[in-house]
$ cat my_file_30.txt   # compact mmCIF, C-alpha atoms and all ligand atoms
# COMPACT_ATOMS: atom_id res chain seq x y z
CA MET T 2 61.49 35.59 182.72
CA SER T 3 61.08 38.52 180.31
CA SER T 4 62.02 37.79 176.73
CA TYR T 5 63.90 40.12 174.46
CA LYS T 6 64.45 39.85 170.75
CA THR T 7 68.11 39.79 169.77
CA LEU T 8 69.97 40.88 166.65
CA ASP T 9 69.91 37.27 165.45
CA ALA T 10 66.11 37.46 165.43
CA LEU T 11 66.26 40.79 163.59
CA VAL T 12 68.51 39.33 160.92
CA ALA T 13 66.25 36.30 160.56
CA GLU T 14 63.04 38.34 160.37
CA THR T 15 64.07 41.38 158.34
CA ALA T 16 64.91 41.71 154.66
CA GLY T 17 68.33 43.02 153.61
CA GLY T 18 68.16 46.68 152.58
CA SER T 19 65.64 47.47 155.32
CA ILE T 20 66.15 50.67 157.31
CA ILE T 21 67.20 49.94 160.90
CA LEU T 22 67.43 52.67 163.51
CA ILE T 23 69.90 51.90 166.27
CA ARG T 24 69.76 53.90 169.50
CA ALA T 25 73.41 54.39 170.33
CA ASP T 26 75.04 56.39 173.11
CA LEU T 27 77.32 58.74 171.19
CA ASN T 28 77.52 61.04 174.21
CA VAL T 29 81.31 60.87 174.39
CA PRO T 30 83.77 63.36 175.91
CA LEU T 31 85.48 65.74 173.48
CA ASP T 32 88.69 67.64 174.06
CA GLU T 33 89.11 71.40 173.54
CA ARG T 34 89.82 70.80 169.81
CA GLY T 35 86.57 68.86 169.42
CA ALA T 36 88.29 65.45 169.09
CA VAL T 37 86.93 62.42 170.93
CA ARG T 38 88.83 62.15 174.23
CA ASP T 39 87.64 58.64 175.13
CA ALA T 40 86.20 56.37 172.44
CA THR T 41 85.16 53.48 174.71
CA ARG T 42 81.44 54.02 174.06
CA LEU T 43 82.01 54.10 170.32
CA GLU T 44 84.15 50.97 170.44
CA ARG T 45 81.45 49.10 172.39
CA LEU T 46 78.97 49.95 169.64
CA LEU T 47 81.06 48.45 166.85
CA PRO T 48 79.92 44.79 167.19
CA SER T 49 76.25 45.73 166.70
CA LEU T 50 76.98 48.18 163.88
CA GLU T 51 79.21 45.66 162.10
CA LYS T 52 76.61 42.90 162.40
CA LEU T 53 73.85 45.16 161.03
CA SER T 54 76.10 46.43 158.26
CA GLN T 55 77.26 42.95 157.26
CA SER T 56 73.60 41.90 157.13
CA GLY T 57 73.03 44.47 154.40
CA PHE T 58 70.75 46.85 156.32
CA ARG T 59 70.66 50.61 155.92
CA ILE T 60 71.50 51.90 159.39
CA GLY T 61 70.60 55.16 161.09
CA ALA T 62 72.21 55.86 164.48
CA LEU T 63 70.11 57.87 166.93
CA SER T 64 71.69 59.45 169.99
CA HIS T 65 71.60 62.34 172.40
CA PHE T 66 74.71 64.43 172.97
CA GLY T 67 74.95 66.66 176.03
CA ARG T 68 71.91 68.43 177.45
CA PRO T 69 70.80 71.06 174.90
CA LYS T 70 67.26 71.17 176.37
CA GLY T 71 65.33 71.13 173.11
CA GLN T 72 67.47 73.76 171.36
CA ARG T 73 69.95 73.46 168.50
CA VAL T 74 73.37 74.03 170.10
CA ALA T 75 76.25 73.93 167.60
CA GLU T 76 78.74 72.52 170.13
CA MET T 77 76.38 69.60 170.74
CA SER T 78 76.09 68.50 167.14
CA LEU T 79 76.84 64.85 166.48
CA ALA T 80 78.59 65.69 163.18
CA PRO T 81 82.16 65.24 164.55
CA ILE T 82 81.15 62.00 166.26
CA ALA T 83 79.98 60.60 162.91
CA VAL T 84 83.47 61.19 161.55
CA ALA T 85 85.11 59.51 164.58
CA LEU T 86 82.75 56.56 164.28
CA GLY T 87 83.62 56.18 160.60
CA ASP T 88 87.33 56.18 161.46
CA LEU T 89 86.81 53.39 163.99
CA LEU T 90 84.64 51.36 161.64
CA GLY T 91 86.91 51.88 158.66
CA GLN T 92 83.95 52.91 156.50
CA LYS T 93 82.31 56.20 155.59
CA VAL T 94 79.58 57.23 158.03
CA THR T 95 77.27 59.93 156.69
CA PHE T 96 75.46 62.56 158.75
CA ALA T 97 71.88 63.89 158.65
CA GLU T 98 71.15 67.42 159.86
CA ASP T 99 68.04 66.25 161.72
CA CYS T 100 66.83 63.03 163.34
CA ILE T 101 63.27 63.38 161.97
CA GLY T 102 61.57 64.63 158.81
CA ASP T 103 62.93 64.99 155.29
CA ALA T 104 66.58 65.34 156.33
CA ALA T 105 66.54 61.99 158.14
CA GLN T 106 64.37 60.26 155.54
CA GLU T 107 66.53 61.35 152.61
CA ALA T 108 69.84 60.55 154.31
CA LEU T 109 68.64 57.04 155.18
CA ALA T 110 67.18 56.40 151.74
CA ALA T 111 70.48 57.45 150.13
CA LEU T 112 72.48 54.84 152.04
CA PRO T 113 73.80 51.81 150.19
CA GLU T 114 73.09 48.40 151.73
CA GLY T 115 75.37 48.13 154.79
CA GLY T 116 75.73 51.93 154.96
CA ILE T 117 75.58 53.90 158.19
CA CYS T 118 74.31 57.43 158.88
CA VAL T 119 74.42 59.30 162.20
CA LEU T 120 71.29 61.38 162.72
CA GLU T 121 71.55 64.72 164.52
CA ASN T 122 71.18 64.98 168.32
CA THR T 123 67.73 63.80 169.42
CA ARG T 124 67.78 66.32 172.29
CA PHE T 125 67.64 69.21 169.81
CA HIS T 126 63.89 68.47 169.99
CA ALA T 127 61.98 69.04 173.25
CA GLY T 128 59.89 65.96 172.43
CA GLU T 129 62.86 63.70 173.14
CA GLU T 130 63.11 64.20 176.90
CA ALA T 131 59.31 64.64 177.17
CA ASP T 132 58.91 61.18 175.57
CA ASP T 133 56.38 62.88 173.31
CA ALA T 134 54.30 60.43 171.28
CA ASP T 135 54.28 62.51 168.08
CA PHE T 136 58.03 62.96 168.23
CA ALA T 137 58.56 59.26 168.89
CA ALA T 138 56.36 58.41 165.89
CA ALA T 139 58.35 60.87 163.74
CA LEU T 140 61.60 59.20 164.81
CA ALA T 141 60.21 55.79 163.93
CA ALA T 142 58.69 56.88 160.60
CA PRO T 143 61.52 55.86 158.24
CA ALA T 144 62.41 52.67 160.10
CA ASP T 145 61.55 49.04 159.44
CA ALA T 146 62.98 48.05 162.83
CA TYR T 147 64.59 49.61 165.91
CA VAL T 148 67.52 48.35 167.95
CA ASN T 149 68.48 49.73 171.35
CA ASP T 150 72.21 49.36 172.02
CA ALA T 151 72.49 52.28 174.44
CA PHE T 152 72.55 50.63 177.85
CA SER T 153 74.11 53.76 179.33
CA ALA T 154 70.97 55.73 178.39
CA ALA T 155 68.55 52.95 179.34
CA HIS T 156 67.65 54.74 182.59
CA ARG T 157 65.96 57.47 180.53
CA ALA T 158 62.34 57.02 179.38
CA HIS T 159 62.85 59.36 176.44
CA ALA T 160 61.33 59.18 172.97
CA SER T 161 64.39 57.55 171.39
CA THR T 162 64.79 54.96 174.18
CA HIS T 163 61.17 54.36 175.14
CA GLY T 164 58.37 55.97 173.09
CA ILE T 165 59.73 54.84 169.74
CA THR T 166 59.27 51.17 170.67
CA LYS T 167 55.48 51.59 170.30
CA TYR T 168 55.79 52.35 166.59
CA VAL T 169 58.28 49.88 165.16
CA PRO T 170 59.47 46.29 165.78
CA THR T 171 62.07 46.41 168.52
CA TYR T 172 65.28 44.45 169.26
CA CYS T 173 68.19 44.48 171.73
CA GLY T 174 71.66 45.38 170.53
CA LEU T 175 74.70 43.33 171.48
CA ALA T 176 75.70 45.79 174.23
CA MET T 177 72.40 45.14 176.09
CA ARG T 178 72.01 42.04 178.21
CA HIS T 179 72.31 39.05 176.08
CA SER T 180 70.21 35.92 176.03
CA VAL T 181 71.51 33.61 178.76
CA GLY T 182 69.78 30.49 177.46
CA THR T 183 68.50 28.30 180.30
CA SER T 184 70.93 29.76 182.89
CA LEU T 185 69.69 30.77 186.31
CA CYS T 186 68.89 34.47 186.06
CA GLU T 187 67.54 36.70 188.83
CA ASP T 188 65.38 39.14 186.86
CA SER T 189 64.34 40.81 190.11
CA MET T 190 67.95 42.02 190.52
CA LEU T 191 68.02 43.81 187.16
CA GLU T 192 67.38 47.27 188.63
CA THR T 193 70.04 46.66 191.27
CA ALA T 194 72.51 45.65 188.57
CA ARG T 195 71.66 48.77 186.56
CA ALA T 196 72.13 50.96 189.61
CA ILE T 197 75.53 49.38 190.34
CA MET T 198 76.66 49.87 186.74
CA ALA T 199 75.51 53.50 186.73
CA GLU T 200 77.31 54.13 190.03
CA ALA T 201 80.46 52.44 188.71
CA GLU T 202 80.43 54.71 185.68
CA THR T 203 80.01 57.78 187.86
CA GLN T 204 82.89 56.70 190.08
CA GLY T 205 85.17 55.72 187.16
CA CYS T 206 85.18 52.04 188.21
CA THR T 207 85.57 49.28 185.65
CA ILE T 208 83.16 46.34 185.83
CA LEU T 209 84.73 43.38 184.04
CA LEU T 210 81.91 41.49 182.38
CA PRO T 211 82.88 38.11 180.90
CA ARG T 212 83.60 38.10 177.16
CA ASP T 213 83.05 34.36 176.93
CA ALA T 214 81.45 31.55 178.89
CA VAL T 215 81.44 27.77 179.17
CA VAL T 216 77.97 26.32 178.54
CA ALA T 217 76.40 22.87 178.79
CA SER T 218 72.94 21.33 178.58
CA GLN T 219 72.56 20.84 182.32
CA PHE T 220 74.24 21.28 185.68
CA ALA T 221 75.31 17.67 186.17
CA ALA T 222 78.46 15.61 186.41
CA GLY T 223 79.78 14.13 183.19
CA GLN T 224 78.70 17.05 180.98
CA SER T 225 81.25 18.39 178.54
CA GLY T 226 81.48 22.15 178.33
CA GLU T 227 81.56 24.29 175.19
CA THR T 228 83.12 27.76 175.12
CA VAL T 229 80.99 30.45 173.45
CA ALA T 230 81.10 34.24 173.19
CA ALA T 231 79.05 35.85 175.96
CA HIS T 232 76.59 37.21 173.39
CA ALA T 233 76.11 33.82 171.72
CA VAL T 234 74.75 31.54 174.44
CA PRO T 235 72.51 28.96 172.71
CA ASP T 236 68.87 29.01 173.85
CA ASP T 237 69.01 25.38 175.07
CA LYS T 238 72.26 25.70 177.06
CA MET T 239 73.14 27.17 180.45
CA ILE T 240 76.24 29.11 181.50
CA LEU T 241 78.24 27.09 184.02
CA ASP T 242 81.62 28.78 184.01
CA ALA T 243 83.49 31.85 182.82
CA GLY T 244 85.43 31.31 179.59
CA PRO T 245 89.21 31.52 179.03
CA ASP T 246 89.12 35.10 177.70
CA ALA T 247 87.13 36.20 180.74
CA VAL T 248 89.64 34.56 183.08
CA GLY T 249 92.48 36.17 181.15
CA ASP T 250 90.87 39.59 181.71
CA ILE T 251 90.55 38.90 185.43
CA CYS T 252 94.16 37.74 185.79
CA ALA T 253 95.34 40.82 183.87
CA ALA T 254 93.43 42.95 186.39
CA PHE T 255 95.12 41.05 189.25
CA ASP T 256 98.50 41.87 187.69
CA LYS T 257 97.74 45.58 188.03
CA ALA T 258 96.16 45.38 191.49
CA ALA T 259 97.79 45.90 194.90
CA THR T 260 94.87 44.37 196.81
CA ILE T 261 91.94 42.20 195.79
CA ILE T 262 88.75 41.40 197.69
CA TRP T 263 87.35 38.10 196.43
CA ASN T 264 83.77 37.01 197.07
CA GLY T 265 82.14 34.10 195.26
CA PRO T 266 83.29 31.52 192.69
CA LEU T 267 83.35 32.20 188.95
CA GLY T 268 81.37 29.14 187.93
CA ALA T 269 79.81 25.91 189.17
CA PHE T 270 83.11 24.94 190.76
CA GLU T 271 81.66 21.92 192.54
CA ILE T 272 81.59 19.93 189.28
CA GLU T 273 84.42 19.39 186.79
CA PRO T 274 85.05 20.79 184.23
CA PHE T 275 83.15 23.88 185.44
CA ASP T 276 85.73 24.56 188.14
CA ALA T 277 88.34 25.61 185.56
CA ALA T 278 87.88 29.40 185.70
CA THR T 279 87.69 29.53 189.49
CA ASN T 280 90.76 27.29 189.82
CA HIS T 281 92.80 29.29 187.33
CA ALA T 282 92.00 32.71 188.78
CA ALA T 283 92.42 31.54 192.38
CA GLN T 284 95.77 29.90 191.65
CA TYR T 285 96.91 33.02 189.78
CA ALA T 286 96.00 35.28 192.72
CA ALA T 287 97.70 32.85 195.13
CA ALA T 288 100.91 32.90 193.05
CA LEU T 289 100.98 36.72 193.01
CA THR T 290 100.41 36.72 196.77
CA ARG T 291 103.30 34.28 197.31
CA LYS T 292 105.56 36.61 195.31
CA GLY T 293 104.56 39.48 197.61
CA GLN T 294 102.98 41.32 194.68
CA LEU T 295 99.38 41.15 195.91
CA THR T 296 97.35 41.36 199.11
CA SER T 297 94.48 38.90 198.63
CA ILE T 298 91.47 38.97 200.92
CA ALA T 299 88.55 36.57 200.45
CA GLY T 300 85.29 35.81 202.22
CA GLY T 301 82.02 33.94 201.87
CA GLY T 302 81.00 30.32 202.48
CA ASP T 303 81.21 29.23 198.85
CA THR T 304 84.37 31.27 198.43
CA VAL T 305 86.26 29.38 201.12
CA ALA T 306 85.21 26.05 199.59
CA ALA T 307 86.10 27.24 196.07
CA LEU T 308 89.56 28.50 197.09
CA ASN T 309 90.30 25.31 199.00
CA HIS T 310 89.08 23.24 196.05
CA ALA T 311 91.59 25.16 193.88
CA GLY T 312 94.34 24.54 196.45
CA ALA T 313 94.79 28.30 196.69
CA GLY T 314 93.19 29.25 200.02
CA LYS T 315 96.33 28.68 202.10
CA ASP T 316 98.29 31.22 200.03
CA PHE T 317 95.73 34.02 200.24
CA THR T 318 96.65 36.80 202.66
CA TYR T 319 93.41 36.29 204.61
CA VAL T 320 90.33 34.15 204.05
CA SER T 321 87.29 34.95 206.19
CA THR T 322 84.80 32.18 206.87
CA ALA T 323 82.01 34.79 207.00
CA GLY T 324 79.85 35.67 203.99
CA GLY T 325 77.34 38.50 204.52
CA ALA T 326 79.05 39.58 207.74
CA PHE T 327 82.38 39.87 205.88
CA LEU T 328 80.84 42.12 203.22
CA GLU T 329 78.84 44.25 205.67
CA TRP T 330 81.90 44.73 207.87
CA LEU T 331 83.91 45.84 204.82
CA GLU T 332 81.11 48.30 204.02
CA GLY T 333 81.73 49.86 207.42
CA LYS T 334 78.40 48.73 208.89
CA THR T 335 77.96 48.05 212.56
CA LEU T 336 77.40 44.32 213.03
CA PRO T 337 74.73 43.76 215.72
CA GLY T 338 76.40 40.59 216.97
CA VAL T 339 79.63 42.52 217.56
CA ALA T 340 78.01 45.71 218.89
CA ALA T 341 76.09 43.67 221.49
CA LEU T 342 79.38 42.60 223.03
CA SER T 343 80.40 46.16 223.76
CA GLN T 344 80.85 46.80 227.49
CA ASN T 345 80.09 50.56 227.22
C1 LIG C 1 75.61 59.31 180.24
O1 LIG C 1 76.57 60.00 179.85
O2 LIG C 1 75.57 58.84 181.39
C2 LIG C 1 74.52 58.94 179.29
O3 LIG C 1 74.85 59.32 178.00
C3 LIG C 1 73.24 59.59 179.73
O4 LIG C 1 73.35 60.99 179.65
P1 LIG C 1 72.33 61.91 180.48
O5 LIG C 1 72.68 61.75 181.94
O6 LIG C 1 72.53 63.30 179.97
O7 LIG C 1 70.93 61.37 180.21
$ encode --input "my_file_30.txt" --output "structure tokens"
Amino acid sequence: MSSYKTLDALVAETAGGSIILIRADLNVPLDERGAVRDATRLERLLPSLEKLSQSGFRIGALSHFGRPKGQRVAEMSLAPIAVALGDLLGQKVTFAEDCIGDAAQEALAALPEGGICVLENTRFHAGEEADDADFAAALAAPADAYVNDAFSAAHRAHASTHGITKYVPTYCGLAMRHSVGTSLCEDSMLETARAIMAEAETQGCTILLPRDAVVASQFAAGQSGETVAAHAVPDDKMILDAGPDAVGDICAAFDKAATIIWNGPLGAFEIEPFDAATNHAAQYAAALTRKGQLTSIAGGGDTVAALNHAGAGKDFTYVSTAGGAFLEWLEGKTLPGVAALSQN
């Protein structure tokens, strides 16, 4: 499995007062008055910024904004975003007129410990999208360390997401994939997961990732679980269930839904106490279905067993015993075993 250095490692390895560049995605929609229309991306950045600030670092935020193609475009300045970020953080966020050179260097050096400065749009330089080595080195020049917290720009091999990592010690921000300890993790599916998340963003779909998890030393009966934040899974523990906050988020989504399609359990439901999240969510969906508030459709081998284990399967609107066939049929695919029965 690949290993990534986290913010905890950065804090442990780096002296307070050091200059940390964080690659953020400040590419947020503005309304006609230039105010931020949707601050979700800024809000997601707050945990990393707050942790770096509380650790006494001097923080420079790098980001692109729009597609200015290597030119300075006034409407694509990050200056108003710096103000919005400061409002969300409840602390002054300064602004540097350039992301490299004297302007960046001086703005970062002027920060107090814990201070934050937004550096001007990286795409005002052609070297950004070209992943130019000289530009990447210029970006890195003032920094003691670099953090990437811009998952939504991680599909770009640009100087501020890629080239810069060759010139300065590099860490993952809290919005990137967190350490999962000794949990099973299919690294080979990472690109698929990225593609799904990018598609979801394009389509305006919400992917509910768990805010917390139940962890234990091993997948075995008799273990007691411990609830931790999703970004704080200890290195010697494995995730065996979703946590109570995560289940609360899922049930809140059920409340707003007319129909749900359920595939797969939430945790290692075969062993107590790691069946808690699956049981709770399944029973919640079953209760909404009984009230006539929800159409609940489920499928998949494990899913049937998990819903029956929770005592919820009988109340679902329909539970298919199929797994892959259920999903492919929902996708609209022709199932060979069905097509072969056609008499035409
Ligand atoms: C986005 O809005 O999806 C990211 O900020 C990436 O922007 P880009 O598609 O202009 O690289």
$ atom_distance --input "my_file_30.txt" --atom1 "atom O2 of ligand LIG 1 (chain C)" --atom2 "CA of Glu332 in chain T"
25.6 Å
$ residues_near_ligand --input "my_file_30.txt" --ligand "ligand LIG 1 (chain C)" --cutoff "8 Å" --atoms "only C-alpha atoms and all ligand atoms" --output "PyMOL selection string"
chain T and resi 26-29+65-68+153-154+156-157+199+202-203
$ atom_distance --input "my_file_30.txt" --atom1 "CA of Gly268 in chain T" --atom2 "CA of Gly314 in chain T"
16.9 Å
$ residues_around --input "my_file_30.txt" --residues "range 298-303 of chain T" --least-positions-apart "5" --cutoff "10 Å" --atoms "all atoms listed in the file" --output "list in words"
Thr260, Ile261, Ile262, Trp263, Asn264, Gly265, Pro266, Phe270, Glu271, Leu308, Asn309, Gly314, Phe317, Thr318, Tyr319, Val320, Ser321, Thr322, Ala323, Gly324, Gly325, Ala326, Phe327 and Leu328 of chain T
$ closest_residue --input "my_file_30.txt" --among "T:Arg73, T:His126, T:Arg195, T:His232" --to "Pro48 in chain T" --atoms "all atoms listed in the file"
T:His232
$ atom_distance --input "my_file_30.txt" --atom1 "CA of Ile60 in chain T" --atom2 "CA of Glu114 in chain T"
8.6 Å
$ closest_residue --input "my_file_30.txt" --among "T:Phe255, T:Phe125, T:Phe152, T:Phe275" --to "Ala288 in chain T" --atoms "all atoms listed in the file"
T:Phe255
$ closest_residue --input "my_file_30.txt" --among "T:Ile20, T:Leu209, T:Cys252, T:Met198" --to "Ala110 in chain T" --atoms "only C-alpha atoms"
T:Ile20
$ residues_around --input "my_file_30.txt" --residues "Ile23 in chain T" --least-positions-apart "4" --cutoff "9 Å" --atoms "all atoms listed in the file" --output "PyMOL selection string"
chain T and resi 49-50+60-64+146-151+174
$ residues_near_point --input "my_file_30.txt" --point "(91.7, 32.3, 177.5)" --cutoff "12 Å" --atoms "only C-alpha atoms" --output "PDB file with C-alpha atoms, in the coordinates of the input"
ATOM      1  CA  PRO T 211      82.880  38.110 180.900  1.00  0.00           C
ATOM      2  CA  ARG T 212      83.600  38.100 177.160  1.00  0.00           C
ATOM      3  CA  ASP T 213      83.050  34.360 176.930  1.00  0.00           C
ATOM      4  CA  ALA T 214      81.450  31.550 178.890  1.00  0.00           C
ATOM      5  CA  VAL T 215      81.440  27.770 179.170  1.00  0.00           C
ATOM      6  CA  THR T 228      83.120  27.760 175.120  1.00  0.00           C
ATOM      7  CA  VAL T 229      80.990  30.450 173.450  1.00  0.00           C
ATOM      8  CA  ALA T 230      81.100  34.240 173.190  1.00  0.00           C
ATOM      9  CA  ALA T 243      83.490  31.850 182.820  1.00  0.00           C
ATOM     10  CA  GLY T 244      85.430  31.310 179.590  1.00  0.00           C
ATOM     11  CA  PRO T 245      89.210  31.520 179.030  1.00  0.00           C
ATOM     12  CA  ASP T 246      89.120  35.100 177.700  1.00  0.00           C
ATOM     13  CA  ALA T 247      87.130  36.200 180.740  1.00  0.00           C
ATOM     14  CA  VAL T 248      89.640  34.560 183.080  1.00  0.00           C
ATOM     15  CA  GLY T 249      92.480  36.170 181.150  1.00  0.00           C
ATOM     16  CA  ASP T 250      90.870  39.590 181.710  1.00  0.00           C
ATOM     17  CA  ILE T 251      90.550  38.900 185.430  1.00  0.00           C
ATOM     18  CA  CYS T 252      94.160  37.740 185.790  1.00  0.00           C
ATOM     19  CA  ALA T 253      95.340  40.820 183.870  1.00  0.00           C
ATOM     20  CA  ALA T 277      88.340  25.610 185.560  1.00  0.00           C
ATOM     21  CA  ALA T 278      87.880  29.400 185.700  1.00  0.00           C
ATOM     22  CA  HIS T 281      92.800  29.290 187.330  1.00  0.00           C
ATOM     23  CA  ALA T 282      92.000  32.710 188.780  1.00  0.00           C
TER      24      ALA T 282
END
$ closest_residue --input "my_file_30.txt" --among "T:Ser189, T:Ala231, T:Ala259, T:Ala13" --to "Gly293 in chain T" --atoms "only C-alpha atoms"
T:Ala259
$ residues_around --input "my_file_30.txt" --residues "Ser56 in chain T" --least-positions-apart "4" --cutoff "8 Å" --atoms "all atoms listed in the file" --output "compact mmCIF listing (two decimals) with C-alpha atoms, in the coordinates of the input"
# COMPACT_ATOMS: atom_id res chain seq x y z
CA VAL T 12 68.51 39.33 160.92
CA GLY T 17 68.33 43.02 153.61
CA LYS T 52 76.61 42.90 162.40
CA GLY T 115 75.37 48.13 154.79
$ residues_around --input "my_file_30.txt" --residues "Val216 in chain T" --least-positions-apart "2" --cutoff "8 Å" --atoms "only C-alpha atoms" --output "PyMOL selection string"
chain T and resi 214+218+226-229+234+238-242
$ closest_residue --input "my_file_30.txt" --among "T:Ala307, T:Val74, T:Leu8, T:Ile117" --to "Val94 in chain T" --atoms "all atoms listed in the file"
T:Ile117
$ residues_around --input "my_file_30.txt" --residues "range 85-89 of chain T" --least-positions-apart "3" --cutoff "10 Å" --atoms "all atoms listed in the file" --output "PDB file with C-alpha atoms, keeping the file's coordinate frame"
ATOM      1  CA  LEU T  27      77.320  58.740 171.190  1.00  0.00           C
ATOM      2  CA  ALA T  36      88.290  65.450 169.090  1.00  0.00           C
ATOM      3  CA  VAL T  37      86.930  62.420 170.930  1.00  0.00           C
ATOM      4  CA  ALA T  40      86.200  56.370 172.440  1.00  0.00           C
ATOM      5  CA  LEU T  43      82.010  54.100 170.320  1.00  0.00           C
ATOM      6  CA  GLU T  44      84.150  50.970 170.440  1.00  0.00           C
ATOM      7  CA  LEU T  46      78.970  49.950 169.640  1.00  0.00           C
ATOM      8  CA  LEU T  47      81.060  48.450 166.850  1.00  0.00           C
ATOM      9  CA  ALA T  80      78.590  65.690 163.180  1.00  0.00           C
ATOM     10  CA  PRO T  81      82.160  65.240 164.550  1.00  0.00           C
ATOM     11  CA  ILE T  82      81.150  62.000 166.260  1.00  0.00           C
ATOM     12  CA  GLN T  92      83.950  52.910 156.500  1.00  0.00           C
ATOM     13  CA  LYS T  93      82.310  56.200 155.590  1.00  0.00           C
ATOM     14  CA  VAL T  94      79.580  57.230 158.030  1.00  0.00           C
ATOM     15  CA  THR T  95      77.270  59.930 156.690  1.00  0.00           C
ATOM     16  CA  ILE T 117      75.580  53.900 158.190  1.00  0.00           C
ATOM     17  CA  CYS T 118      74.310  57.430 158.880  1.00  0.00           C
ATOM     18  CA  VAL T 119      74.420  59.300 162.200  1.00  0.00           C
TER      19      VAL T 119
END
$ residues_near_point --input "my_file_30.txt" --point "(69.3, 38.2, 172.3)" --cutoff "10 Å" --atoms "all atoms listed in the file" --output "ChimeraX atom specification"
/T:4-11,172-175,177-182,232-236
$ closest_residue --input "my_file_30.txt" --among "T:Asp133, T:Glu33, T:Glu76, T:Asp145" --to "Gly18 in chain T" --atoms "all atoms listed in the file"
T:Asp145
$ build_atoms --input "my_file_30.txt" --residues "range 51-63 of chain T" --atoms "N, CA, C and O atoms" --output "CSV table (one decimal), in the coordinates of the input"
chain,number,residue,atom,x,y,z
T,51,GLU,N,78.6,46.5,163.1
T,51,GLU,CA,79.2,45.7,162.1
T,51,GLU,C,78.2,44.5,161.7
T,51,GLU,O,78.1,44.2,160.5
T,52,LYS,N,77.5,44.0,162.7
T,52,LYS,CA,76.6,42.9,162.4
T,52,LYS,C,75.5,43.4,161.5
T,52,LYS,O,75.1,42.8,160.5
T,53,LEU,N,74.9,44.6,161.8
T,53,LEU,CA,73.8,45.2,161.0
T,53,LEU,C,74.3,45.5,159.6
T,53,LEU,O,73.6,45.2,158.6
T,54,SER,N,75.5,46.0,159.6
T,54,SER,CA,76.1,46.4,158.3
T,54,SER,C,76.4,45.2,157.4
T,54,SER,O,76.0,45.1,156.2
T,55,GLN,N,77.0,44.2,158.0
T,55,GLN,CA,77.3,43.0,157.3
T,55,GLN,C,76.0,42.2,156.8
T,55,GLN,O,76.0,41.4,155.9
T,56,SER,N,74.9,42.5,157.5
T,56,SER,CA,73.6,41.9,157.1
T,56,SER,C,72.9,42.7,156.0
T,56,SER,O,71.8,42.3,155.6
T,57,GLY,N,73.5,43.7,155.6
T,57,GLY,CA,73.0,44.5,154.4
T,57,GLY,C,71.9,45.5,154.7
T,57,GLY,O,71.2,45.9,153.8
T,58,PHE,N,71.8,45.9,156.0
T,58,PHE,CA,70.8,46.8,156.3
T,58,PHE,C,71.3,48.3,156.0
T,58,PHE,O,72.5,48.5,155.9
T,59,ARG,N,70.3,49.2,155.9
T,59,ARG,CA,70.7,50.6,155.9
T,59,ARG,C,70.5,51.1,157.3
T,59,ARG,O,69.4,50.9,157.9
T,60,ILE,N,71.5,51.7,157.9
T,60,ILE,CA,71.5,51.9,159.4
T,60,ILE,C,71.5,53.4,159.7
T,60,ILE,O,72.4,54.1,159.3
T,61,GLY,N,70.6,53.8,160.6
T,61,GLY,CA,70.6,55.2,161.1
T,61,GLY,C,70.9,55.1,162.6
T,61,GLY,O,70.2,54.4,163.3
T,62,ALA,N,71.9,55.9,163.0
T,62,ALA,CA,72.2,55.9,164.5
T,62,ALA,C,71.6,57.1,165.1
T,62,ALA,O,71.8,58.2,164.7
T,63,LEU,N,70.7,56.8,166.1
T,63,LEU,CA,70.1,57.9,166.9
T,63,LEU,C,70.9,58.0,168.2
T,63,LEU,O,71.3,57.0,168.8
